[in-house]
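Colleague: Dropping the structure in here first, questions after.
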Amino acid sequence: MGNTTDNEVMLRLTQIHKRFGDLEVLKGIDLELRKGEVMAIIGTSGSGKSTLLRCINRLEEIDAGRIEIKGRVLAQNNSDNVAEYVTDKEARDILSCTGMVFQQFNLFPHMTVLENLLEAPIQVQKRKREDVIPEAEILLKKVGLLEKKDWYPSRLSGGQQQRVAIARALCMKPDIMLFDEPTSALDPELTGEVLRTMRELAEERMTMIVVTHEMNFAHEAANHVVFVEKGVIVEQGTPQMVMDNPQEERTKAFLKNML
Amino acid sequence: MDNLLHTVVLMLEGTQVTLQIFFVTLVLSLPLGLMAALGRISDFRILSRFMEFYIWLMRGTPLMLQLLFVYFALPMVGIMLPDIVAALLAFTLNYAAYFAEIFRAGIQSIDRGQYEAAKTLGMTHKQTMSRIIIPQMIRYVLPPVSNETINLVKDTSLIYILAMNDLLRVARTIVQREFDMTPFIVAAVFYLIMTAVLTWGFKKLEAYYGKYDR
């Protein structure tokens, strides 16, 4: 974070609470993400880290708290301390600066690789097909899959599908990329290619939040690490602080288990 | 031989009526069924409940009864429809209900991740349905839709009770007049040809929509 020249706050979460029925999965989360920052969220399964990520782009709705993206409020508490969202149309507009990559890739199986990339820019941004194609091809080349552009996703390996999914999200020119355990569904030998793509993105100073079990990636590619357990942030800071020299017992126990 | 040729010519005319009912019903009931399915799964409760009732009513009573109702009961309350329109109305409403349930099952079988991916790309609900969900649904519903479509070919014969000269009624008329069973066999062959063409057509469609799985 220290060498970030632009200090613009891209995302600010304040006292986020989220429950599924009786189970409170997020218990008052505060988080700030600055431009160019690569944030890794680590923690055990069920710690609430994926839910936290999914609350940012409204795949889950928070019960209380405030979400602010690039200075615009997506949700905030009303006088009863219950979160209220802006209108659907405004929410779509605010969230248009975010892109997401899922654990299960979620490519559109009835479209070729290239069509997967073109779909949203053409349908949502109303851009011309011939304008988007060159950009999509550059992105596919970047993730090393240009020669597969006319293939259907089912013919690709998991790692290739995930790289297409990253390119698809990038084709909307997002300012913030959200990764929800992007390598967890992959065979171990396929995680490298996906992590390499993400590392390249990080080096280009893309603002990213990555929920991950890949400790090496968190250590080397992230500049801010957040350790979440039981719905609260236990510890956060640089990878050196949190991972090499953790202060909290729970962080130490978690890191020991991950080795 | 001349006699058989004459029989076949008469029955081809009956086939025209059968095909007319078949095609018009299919063209109307497929989109209507899709709309009913979308209504059925809609968050708008009144609409959803109404569609549930409609589907229950149509699937819960015999098609024959529905035909008789449209044909005989509606005129009693002052609604006079030409024969063919009455038949088409009953067939369309009935088949749309069956298609609605097939489409609903198809839509609900699509993975939630597809909706989430579309949402994170900024697509509206309408765009998600029309561009992502329904195109994927089509391949899942083709086998059951094929089934229903073949049923429809055979169900068209029910209009004989409305005194319309479809394939089966023409056959029966000749049989009763000439005490010759041949027209029944000819009719069976005609139905088999129609269903064979449909089976072939749906096979082609399934291959087309299955292309992205290979």
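Just so we're on the same page: first chain in the structure tokens is A, next is B, and so on; residues restart at 1 for each chain, and ligands are numbered from 1 in the order they show up.
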Could you please select, counting only C-alpha atoms, the residues of chain A within 8 Å of chain B and state them as a ChimeraX atom specification?

Modeller: /A:57,59,92,95-96,98-100,104,106-111,120,123-124,152-155,169,172

Colleague: Neighbours of Leu118 in chain A within 12 Å (only C-alpha atoms; same-chain residues fewer than 4 positions away dropped), as an MDAnalysis selection string?

Modeller: (chainID A and resid 108 111:114 122:137 139:140 149 164:165 167:172) or (chainID B and resid 121)

Colleague: Using only C-alpha atoms, which protein or nucleic acid residues come within 12 Å of Thr191 in chain A? Drop anything in the same chain fewer than 2 positions from it, and give the result as a ChimeraX atom specification.

Modeller: /A:103,157-163,181-189,193-198,212-214,216-217

Colleague: Using only C-alpha atoms, which residues sit within 7 Å of Glu32 in chain A once same-chain residues fewer than 6 positions away are excluded, as a ChimeraX atom specification?

Modeller: /A:9,11-13

Colleague: If we count only C-alpha atoms, what is near Glu84 in chain A at a cut-off of 6 Å, once residues fewer than 5 positions away on the same chain are taken out, given as a list in words?

Modeller: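 Here the qualifying residues turn out to be Ala75, Gln76 and Asn77 of chain A.
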
Colleague: Can those selected residues be exported to a file as a PDB file, in the first residue's frame so that it contains N, CA and C atoms?

Modeller:
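In the end it all went to again.pdb:
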```pdb
ATOM      1  N   ALA A  75     -25.579   0.777  -0.316  1.00  0.00           N
ATOM      2  CA  ALA A  75     -26.538   0.451   0.751  1.00  0.00           C
ATOM      3  C   ALA A  75     -26.099   1.158   2.021  1.00  0.00           C
ATOM      4  N   GLN A  76     -27.067   1.560   2.819  1.00  0.00           N
ATOM      5  CA  GLN A  76     -26.744   2.127   4.126  1.00  0.00           C
ATOM      6  C   GLN A  76     -27.925   1.948   5.072  1.00  0.00           C
ATOM      7  N   ASN A  77     -27.647   2.081   6.342  1.00  0.00           N
ATOM      8  CA  ASN A  77     -28.684   1.861   7.345  1.00  0.00           C
ATOM      9  C   ASN A  77     -29.741   2.966   7.316  1.00  0.00           C
TER      10      ASN A  77
END
```

Colleague: Name all residues at most 8 Å from range 171-181 of chain B (count only C-alpha atoms; drop same-chain ones fewer than 5 positions away) and give them as a list in words.

Modeller: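 Listed by chain and then number, they are Thr7, Met11 and Ala187 of chain B.
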
Colleague: Please run DSSP on the backbone and report, as number ranges by chain, all residues within range 25-96 of chain A that come out as strand (DSSP E).

Modeller: A: 25-34, 38-42, 64-69, 72-77, 83-85

Colleague: Please identify all polymer residues within 12 Å of range 221-225 of chain A, counting only C-alpha atoms, omitting same-chain residues fewer than 3 positions from it, and present them as a PDB file with N, CA, C and O atoms, in the first residue's frame.

Modeller:
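This went into out_9.pdb:
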```
ATOM      1  N   MET A   1       0.836  -1.200   0.000  1.00  0.00           N
ATOM      2  CA  MET A   1       0.000   0.000   0.000  1.00  0.00           C
ATOM      3  C   MET A   1       0.874   1.254   0.000  1.00  0.00           C
ATOM      4  O   MET A   1       0.489   2.263  -0.538  1.00  0.00           O
ATOM      5  N   GLY A   2       2.080   1.113   0.569  1.00  0.00           N
ATOM      6  CA  GLY A   2       2.948   2.264   0.759  1.00  0.00           C
ATOM      7  C   GLY A   2       3.314   2.959  -0.533  1.00  0.00           C
ATOM      8  O   GLY A   2       3.389   4.189  -0.564  1.00  0.00           O
ATOM      9  N   ASN A   3       3.528   2.167  -1.611  1.00  0.00           N
ATOM     10  CA  ASN A   3       3.970   2.798  -2.847  1.00  0.00           C
ATOM     11  C   ASN A   3       2.806   3.188  -3.753  1.00  0.00           C
ATOM     12  O   ASN A   3       3.000   3.503  -4.911  1.00  0.00           O
ATOM     13  N   THR A   4       1.590   3.126  -3.227  1.00  0.00           N
ATOM     14  CA  THR A   4       0.441   3.540  -4.030  1.00  0.00           C
ATOM     15  C   THR A   4       0.448   5.061  -4.161  1.00  0.00           C
ATOM     16  O   THR A   4       0.379   5.770  -3.166  1.00  0.00           O
ATOM     17  N   LEU A  31     -13.913  -2.361   6.290  1.00  0.00           N
ATOM     18  CA  LEU A  31     -12.843  -2.644   5.332  1.00  0.00           C
ATOM     19  C   LEU A  31     -12.709  -1.481   4.360  1.00  0.00           C
ATOM     20  O   LEU A  31     -13.698  -0.842   4.005  1.00  0.00           O
ATOM     21  N   GLU A  32     -11.472  -1.239   3.955  1.00  0.00           N
ATOM     22  CA  GLU A  32     -11.238  -0.168   2.998  1.00  0.00           C
ATOM     23  C   GLU A  32     -10.282  -0.674   1.924  1.00  0.00           C
ATOM     24  O   GLU A  32      -9.286  -1.320   2.248  1.00  0.00           O
ATOM     25  N   LEU A  33     -10.597  -0.381   0.692  1.00  0.00           N
ATOM     26  CA  LEU A  33      -9.749  -0.830  -0.413  1.00  0.00           C
ATOM     27  C   LEU A  33      -9.372   0.390  -1.238  1.00  0.00           C
ATOM     28  O   LEU A  33     -10.240   1.174  -1.644  1.00  0.00           O
ATOM     29  N   ARG A  34      -8.045   0.547  -1.443  1.00  0.00           N
ATOM     30  CA  ARG A  34      -7.595   1.710  -2.202  1.00  0.00           C
ATOM     31  C   ARG A  34      -7.198   1.318  -3.607  1.00  0.00           C
ATOM     32  O   ARG A  34      -6.927   0.156  -3.888  1.00  0.00           O
ATOM     33  N   LYS A  35      -7.138   2.304  -4.452  1.00  0.00           N
ATOM     34  CA  LYS A  35      -6.832   2.064  -5.865  1.00  0.00           C
ATOM     35  C   LYS A  35      -5.475   1.377  -6.021  1.00  0.00           C
ATOM     36  O   LYS A  35      -4.501   1.761  -5.387  1.00  0.00           O
ATOM     37  N   GLY A  36      -5.431   0.360  -6.850  1.00  0.00           N
ATOM     38  CA  GLY A  36      -4.188  -0.356  -7.125  1.00  0.00           C
ATOM     39  C   GLY A  36      -3.824  -1.381  -6.070  1.00  0.00           C
ATOM     40  O   GLY A  36      -2.824  -2.089  -6.200  1.00  0.00           O
ATOM     41  N   GLU A  37      -4.652  -1.481  -5.051  1.00  0.00           N
ATOM     42  CA  GLU A  37      -4.361  -2.405  -3.964  1.00  0.00           C
ATOM     43  C   GLU A  37      -4.788  -3.831  -4.344  1.00  0.00           C
ATOM     44  O   GLU A  37      -5.807  -4.025  -4.995  1.00  0.00           O
ATOM     45  N   VAL A  38      -3.969  -4.807  -3.927  1.00  0.00           N
ATOM     46  CA  VAL A  38      -4.351  -6.208  -4.094  1.00  0.00           C
ATOM     47  C   VAL A  38      -4.589  -6.773  -2.706  1.00  0.00           C
ATOM     48  O   VAL A  38      -3.659  -6.930  -1.911  1.00  0.00           O
ATOM     49  N   MET A  39      -5.858  -7.040  -2.417  1.00  0.00           N
ATOM     50  CA  MET A  39      -6.213  -7.495  -1.083  1.00  0.00           C
ATOM     51  C   MET A  39      -6.510  -8.979  -1.115  1.00  0.00           C
ATOM     52  O   MET A  39      -7.291  -9.443  -1.938  1.00  0.00           O
ATOM     53  N   ALA A  40      -5.877  -9.733  -0.249  1.00  0.00           N
ATOM     54  CA  ALA A  40      -6.171 -11.157  -0.126  1.00  0.00           C
ATOM     55  C   ALA A  40      -6.955 -11.375   1.146  1.00  0.00           C
ATOM     56  O   ALA A  40      -6.561 -10.900   2.214  1.00  0.00           O
ATOM     57  N   ILE A  41      -8.095 -12.055   1.032  1.00  0.00           N
ATOM     58  CA  ILE A  41      -8.871 -12.392   2.219  1.00  0.00           C
ATOM     59  C   ILE A  41      -8.667 -13.872   2.487  1.00  0.00           C
ATOM     60  O   ILE A  41      -8.964 -14.716   1.636  1.00  0.00           O
ATOM     61  N   ILE A  42      -8.104 -14.179   3.646  1.00  0.00           N
ATOM     62  CA  ILE A  42      -7.846 -15.576   3.993  1.00  0.00           C
ATOM     63  C   ILE A  42      -8.641 -15.941   5.236  1.00  0.00           C
ATOM     64  O   ILE A  42      -9.125 -15.070   5.964  1.00  0.00           O
ATOM     65  N   GLY A  43      -8.778 -17.249   5.426  1.00  0.00           N
ATOM     66  CA  GLY A  43      -9.544 -17.718   6.572  1.00  0.00           C
ATOM     67  C   GLY A  43     -10.053 -19.116   6.313  1.00  0.00           C
ATOM     68  O   GLY A  43     -10.011 -19.590   5.182  1.00  0.00           O
ATOM     69  N   LEU A 195      -3.186 -18.555 -11.386  1.00  0.00           N
ATOM     70  CA  LEU A 195      -2.499 -17.641 -10.477  1.00  0.00           C
ATOM     71  C   LEU A 195      -1.540 -16.728 -11.240  1.00  0.00           C
ATOM     72  O   LEU A 195      -1.403 -15.544 -10.917  1.00  0.00           O
ATOM     73  N   ARG A 196      -0.922 -17.291 -12.292  1.00  0.00           N
ATOM     74  CA  ARG A 196      -0.007 -16.488 -13.097  1.00  0.00           C
ATOM     75  C   ARG A 196      -0.765 -15.314 -13.742  1.00  0.00           C
ATOM     76  O   ARG A 196      -0.313 -14.165 -13.714  1.00  0.00           O
ATOM     77  N   THR A 197      -1.935 -15.613 -14.300  1.00  0.00           N
ATOM     78  CA  THR A 197      -2.759 -14.565 -14.904  1.00  0.00           C
ATOM     79  C   THR A 197      -3.125 -13.494 -13.877  1.00  0.00           C
ATOM     80  O   THR A 197      -3.071 -12.293 -14.156  1.00  0.00           O
ATOM     81  N   MET A 198      -3.468 -13.942 -12.676  1.00  0.00           N
ATOM     82  CA  MET A 198      -3.857 -12.983 -11.633  1.00  0.00           C
ATOM     83  C   MET A 198      -2.664 -12.147 -11.180  1.00  0.00           C
ATOM     84  O   MET A 198      -2.796 -10.950 -10.902  1.00  0.00           O
ATOM     85  N   ARG A 199      -1.505 -12.784 -11.129  1.00  0.00           N
ATOM     86  CA  ARG A 199      -0.284 -12.051 -10.761  1.00  0.00           C
ATOM     87  C   ARG A 199       0.009 -10.938 -11.771  1.00  0.00           C
ATOM     88  O   ARG A 199       0.380  -9.821 -11.409  1.00  0.00           O
ATOM     89  N   GLU A 200      -0.182 -11.278 -13.059  1.00  0.00           N
ATOM     90  CA  GLU A 200       0.046 -10.286 -14.107  1.00  0.00           C
ATOM     91  C   GLU A 200      -0.896  -9.095 -13.929  1.00  0.00           C
ATOM     92  O   GLU A 200      -0.500  -7.950 -14.081  1.00  0.00           O
ATOM     93  N   LEU A 201      -2.133  -9.418 -13.597  1.00  0.00           N
ATOM     94  CA  LEU A 201      -3.116  -8.352 -13.358  1.00  0.00           C
ATOM     95  C   LEU A 201      -2.677  -7.469 -12.196  1.00  0.00           C
ATOM     96  O   LEU A 201      -2.769  -6.238 -12.259  1.00  0.00           O
ATOM     97  N   ALA A 202      -2.198  -8.117 -11.140  1.00  0.00           N
ATOM     98  CA  ALA A 202      -1.752  -7.380  -9.960  1.00  0.00           C
ATOM     99  C   ALA A 202      -0.590  -6.461 -10.318  1.00  0.00           C
ATOM    100  O   ALA A 202      -0.527  -5.312  -9.864  1.00  0.00           O
ATOM    101  N   GLU A 203       0.313  -6.974 -11.158  1.00  0.00           N
ATOM    102  CA  GLU A 203       1.462  -6.166 -11.563  1.00  0.00           C
ATOM    103  C   GLU A 203       1.039  -4.959 -12.395  1.00  0.00           C
ATOM    104  O   GLU A 203       1.713  -3.931 -12.408  1.00  0.00           O
ATOM    105  N   GLU A 204      -0.089  -5.090 -13.088  1.00  0.00           N
ATOM    106  CA  GLU A 204      -0.607  -3.944 -13.859  1.00  0.00           C
ATOM    107  C   GLU A 204      -1.392  -2.991 -12.970  1.00  0.00           C
ATOM    108  O   GLU A 204      -2.060  -2.089 -13.466  1.00  0.00           O
ATOM    109  N   ARG A 205      -1.361  -3.231 -11.673  1.00  0.00           N
ATOM    110  CA  ARG A 205      -1.997  -2.383 -10.681  1.00  0.00           C
ATOM    111  C   ARG A 205      -3.517  -2.377 -10.786  1.00  0.00           C
ATOM    112  O   ARG A 205      -4.179  -1.367 -10.492  1.00  0.00           O
ATOM    113  N   MET A 206      -4.061  -3.518 -11.175  1.00  0.00           N
ATOM    114  CA  MET A 206      -5.510  -3.672 -11.105  1.00  0.00           C
ATOM    115  C   MET A 206      -5.897  -3.751  -9.633  1.00  0.00           C
ATOM    116  O   MET A 206      -5.203  -4.401  -8.841  1.00  0.00           O
ATOM    117  N   THR A 207      -6.959  -3.056  -9.238  1.00  0.00           N
ATOM    118  CA  THR A 207      -7.450  -3.142  -7.866  1.00  0.00           C
ATOM    119  C   THR A 207      -8.199  -4.465  -7.707  1.00  0.00           C
ATOM    120  O   THR A 207      -9.126  -4.735  -8.472  1.00  0.00           O
ATOM    121  N   MET A 208      -7.774  -5.287  -6.771  1.00  0.00           N
ATOM    122  CA  MET A 208      -8.368  -6.619  -6.672  1.00  0.00           C
ATOM    123  C   MET A 208      -8.607  -7.038  -5.232  1.00  0.00           C
ATOM    124  O   MET A 208      -7.859  -6.683  -4.340  1.00  0.00           O
ATOM    125  N   ILE A 209      -9.668  -7.820  -5.057  1.00  0.00           N
ATOM    126  CA  ILE A 209      -9.869  -8.524  -3.790  1.00  0.00           C
ATOM    127  C   ILE A 209      -9.928 -10.006  -4.128  1.00  0.00           C
ATOM    128  O   ILE A 209     -10.689 -10.420  -4.999  1.00  0.00           O
ATOM    129  N   VAL A 210      -9.094 -10.784  -3.470  1.00  0.00           N
ATOM    130  CA  VAL A 210      -9.027 -12.209  -3.771  1.00  0.00           C
ATOM    131  C   VAL A 210      -9.299 -13.014  -2.511  1.00  0.00           C
ATOM    132  O   VAL A 210      -8.540 -12.941  -1.550  1.00  0.00           O
ATOM    133  N   VAL A 211     -10.397 -13.761  -2.520  1.00  0.00           N
ATOM    134  CA  VAL A 211     -10.645 -14.707  -1.439  1.00  0.00           C
ATOM    135  C   VAL A 211      -9.920 -15.984  -1.834  1.00  0.00           C
ATOM    136  O   VAL A 211     -10.160 -16.528  -2.909  1.00  0.00           O
ATOM    137  N   THR A 212      -9.009 -16.431  -1.025  1.00  0.00           N
ATOM    138  CA  THR A 212      -8.154 -17.538  -1.482  1.00  0.00           C
ATOM    139  C   THR A 212      -7.631 -18.420  -0.365  1.00  0.00           C
ATOM    140  O   THR A 212      -7.555 -18.013   0.802  1.00  0.00           O
ATOM    141  N   GLU A 214      -4.769 -19.958  -1.333  1.00  0.00           N
ATOM    142  CA  GLU A 214      -3.403 -20.033  -1.836  1.00  0.00           C
ATOM    143  C   GLU A 214      -2.515 -19.085  -1.028  1.00  0.00           C
ATOM    144  O   GLU A 214      -2.428 -17.891  -1.321  1.00  0.00           O
ATOM    145  N   MET A 215      -1.851 -19.634  -0.018  1.00  0.00           N
ATOM    146  CA  MET A 215      -1.071 -18.784   0.881  1.00  0.00           C
ATOM    147  C   MET A 215       0.123 -18.139   0.172  1.00  0.00           C
ATOM    148  O   MET A 215       0.465 -16.990   0.437  1.00  0.00           O
ATOM    149  N   ASN A 216       0.716 -18.888  -0.771  1.00  0.00           N
ATOM    150  CA  ASN A 216       1.848 -18.311  -1.503  1.00  0.00           C
ATOM    151  C   ASN A 216       1.414 -17.096  -2.312  1.00  0.00           C
ATOM    152  O   ASN A 216       2.102 -16.085  -2.361  1.00  0.00           O
ATOM    153  N   PHE A 217       0.255 -17.250  -2.955  1.00  0.00           N
ATOM    154  CA  PHE A 217      -0.253 -16.135  -3.748  1.00  0.00           C
ATOM    155  C   PHE A 217      -0.517 -14.931  -2.851  1.00  0.00           C
ATOM    156  O   PHE A 217      -0.119 -13.802  -3.156  1.00  0.00           O
ATOM    157  N   ALA A 218      -1.177 -15.163  -1.721  1.00  0.00           N
ATOM    158  CA  ALA A 218      -1.481 -14.073  -0.794  1.00  0.00           C
ATOM    159  C   ALA A 218      -0.191 -13.392  -0.343  1.00  0.00           C
ATOM    160  O   ALA A 218      -0.105 -12.158  -0.275  1.00  0.00           O
ATOM    161  N   VAL A 228      -9.906 -13.447   8.246  1.00  0.00           N
ATOM    162  CA  VAL A 228     -11.271 -13.434   8.762  1.00  0.00           C
ATOM    163  C   VAL A 228     -11.544 -14.747   9.474  1.00  0.00           C
ATOM    164  O   VAL A 228     -11.168 -15.819   8.996  1.00  0.00           O
ATOM    165  N   ILE A 233     -13.039  -9.615  11.341  1.00  0.00           N
ATOM    166  CA  ILE A 233     -11.655  -9.490  10.900  1.00  0.00           C
ATOM    167  C   ILE A 233     -10.760  -9.593  12.125  1.00  0.00           C
ATOM    168  O   ILE A 233     -10.840  -8.765  13.038  1.00  0.00           O
ATOM    169  N   VAL A 234      -9.936 -10.626  12.140  1.00  0.00           N
ATOM    170  CA  VAL A 234      -9.074 -10.849  13.297  1.00  0.00           C
ATOM    171  C   VAL A 234      -7.834  -9.982  13.198  1.00  0.00           C
ATOM    172  O   VAL A 234      -7.384  -9.390  14.174  1.00  0.00           O
ATOM    173  N   GLU A 235      -7.294  -9.908  11.994  1.00  0.00           N
ATOM    174  CA  GLU A 235      -6.029  -9.211  11.825  1.00  0.00           C
ATOM    175  C   GLU A 235      -5.892  -8.795  10.366  1.00  0.00           C
ATOM    176  O   GLU A 235      -6.299  -9.522   9.468  1.00  0.00           O
ATOM    177  N   GLN A 236      -5.330  -7.636  10.110  1.00  0.00           N
ATOM    178  CA  GLN A 236      -5.063  -7.261   8.726  1.00  0.00           C
ATOM    179  C   GLN A 236      -3.835  -6.370   8.653  1.00  0.00           C
ATOM    180  O   GLN A 236      -3.438  -5.739   9.629  1.00  0.00           O
ATOM    181  N   GLY A 237      -3.223  -6.351   7.470  1.00  0.00           N
ATOM    182  CA  GLY A 237      -2.027  -5.550   7.263  1.00  0.00           C
ATOM    183  C   GLY A 237      -1.251  -6.082   6.077  1.00  0.00           C
ATOM    184  O   GLY A 237      -1.796  -6.834   5.264  1.00  0.00           O
ATOM    185  N   THR A 238       0.022  -5.717   5.980  1.00  0.00           N
ATOM    186  CA  THR A 238       0.836  -6.230   4.880  1.00  0.00           C
ATOM    187  C   THR A 238       1.031  -7.739   5.080  1.00  0.00           C
ATOM    188  O   THR A 238       0.891  -8.243   6.197  1.00  0.00           O
ATOM    189  N   PRO A 239       1.352  -8.473   3.991  1.00  0.00           N
ATOM    190  CA  PRO A 239       1.598  -9.916   4.132  1.00  0.00           C
ATOM    191  C   PRO A 239       2.693 -10.191   5.151  1.00  0.00           C
ATOM    192  O   PRO A 239       2.617 -11.166   5.910  1.00  0.00           O
ATOM    193  N   GLN A 240       3.693  -9.302   5.192  1.00  0.00           N
ATOM    194  CA  GLN A 240       4.786  -9.496   6.142  1.00  0.00           C
ATOM    195  C   GLN A 240       4.261  -9.425   7.572  1.00  0.00           C
ATOM    196  O   GLN A 240       4.628 -10.231   8.428  1.00  0.00           O
ATOM    197  N   MET A 241       3.385  -8.460   7.820  1.00  0.00           N
ATOM    198  CA  MET A 241       2.831  -8.316   9.158  1.00  0.00           C
ATOM    199  C   MET A 241       1.938  -9.512   9.521  1.00  0.00           C
ATOM    200  O   MET A 241       2.135 -10.166  10.542  1.00  0.00           O
ATOM    201  N   VAL A 242       0.963  -9.783   8.670  1.00  0.00           N
ATOM    202  CA  VAL A 242      -0.062 -10.762   9.036  1.00  0.00           C
ATOM    203  C   VAL A 242       0.444 -12.196   8.911  1.00  0.00           C
ATOM    204  O   VAL A 242       0.132 -13.049   9.744  1.00  0.00           O
ATOM    205  N   MET A 243       1.249 -12.452   7.872  1.00  0.00           N
ATOM    206  CA  MET A 243       1.611 -13.848   7.613  1.00  0.00           C
ATOM    207  C   MET A 243       2.963 -14.247   8.213  1.00  0.00           C
ATOM    208  O   MET A 243       3.148 -15.389   8.603  1.00  0.00           O
ATOM    209  N   ASP A 244       3.905 -13.298   8.242  1.00  0.00           N
ATOM    210  CA  ASP A 244       5.220 -13.652   8.776  1.00  0.00           C
ATOM    211  C   ASP A 244       5.317 -13.382  10.276  1.00  0.00           C
ATOM    212  O   ASP A 244       6.090 -14.004  10.985  1.00  0.00           O
ATOM    213  N   PRO A 246       2.412 -12.762  12.703  1.00  0.00           N
ATOM    214  CA  PRO A 246       1.046 -12.522  13.201  1.00  0.00           C
ATOM    215  C   PRO A 246       1.044 -12.227  14.698  1.00  0.00           C
ATOM    216  O   PRO A 246       1.854 -12.787  15.445  1.00  0.00           O
ATOM    217  N   THR A 251      -4.744 -16.182  14.327  1.00  0.00           N
ATOM    218  CA  THR A 251      -4.036 -16.097  13.049  1.00  0.00           C
ATOM    219  C   THR A 251      -2.889 -17.098  13.016  1.00  0.00           C
ATOM    220  O   THR A 251      -2.695 -17.815  12.030  1.00  0.00           O
TER     221      THR A 251
END
```

Colleague: Under the rule that only C-alpha atoms are counted, which of B:Ile134, B:Leu142, B:Ala188, B:Val170 is the nearest residue to Gly201 in chain B?

Modeller: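 Comparing B:Ile134, B:Leu142, B:Ala188, B:Val170 against Gly201 in chain B, the winner is B:Leu142.
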
Colleague: Report the residues of range 4-189 of chain A whose backbone DSSP state falls under alpha helix (DSSP H), written as an MDAnalysis selection string.

Modeller: chainID A and resid 49:56 88:95 113:123 129:142 158:170 188:189

Colleague: Can you work out the spacing between CA of Lys27 in chain A and CA of Phe179 in chain A in Å, to one decimal?

Modeller: 21.7 Å

Colleague: May I ask for the distance between CA of Met35 in chain B and CA of Ala97 in chain B, given in Å to one decimal place?

Modeller: 10.2 Å

Colleague: Suppose you want the space between CA of Gly231 in chain A and CA of Ile69 in chain A; what is it in Å?

Modeller: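 Answer for the CA of Gly231 in chain A to CA of Ile69 in chain A separation: 21.3 Å.
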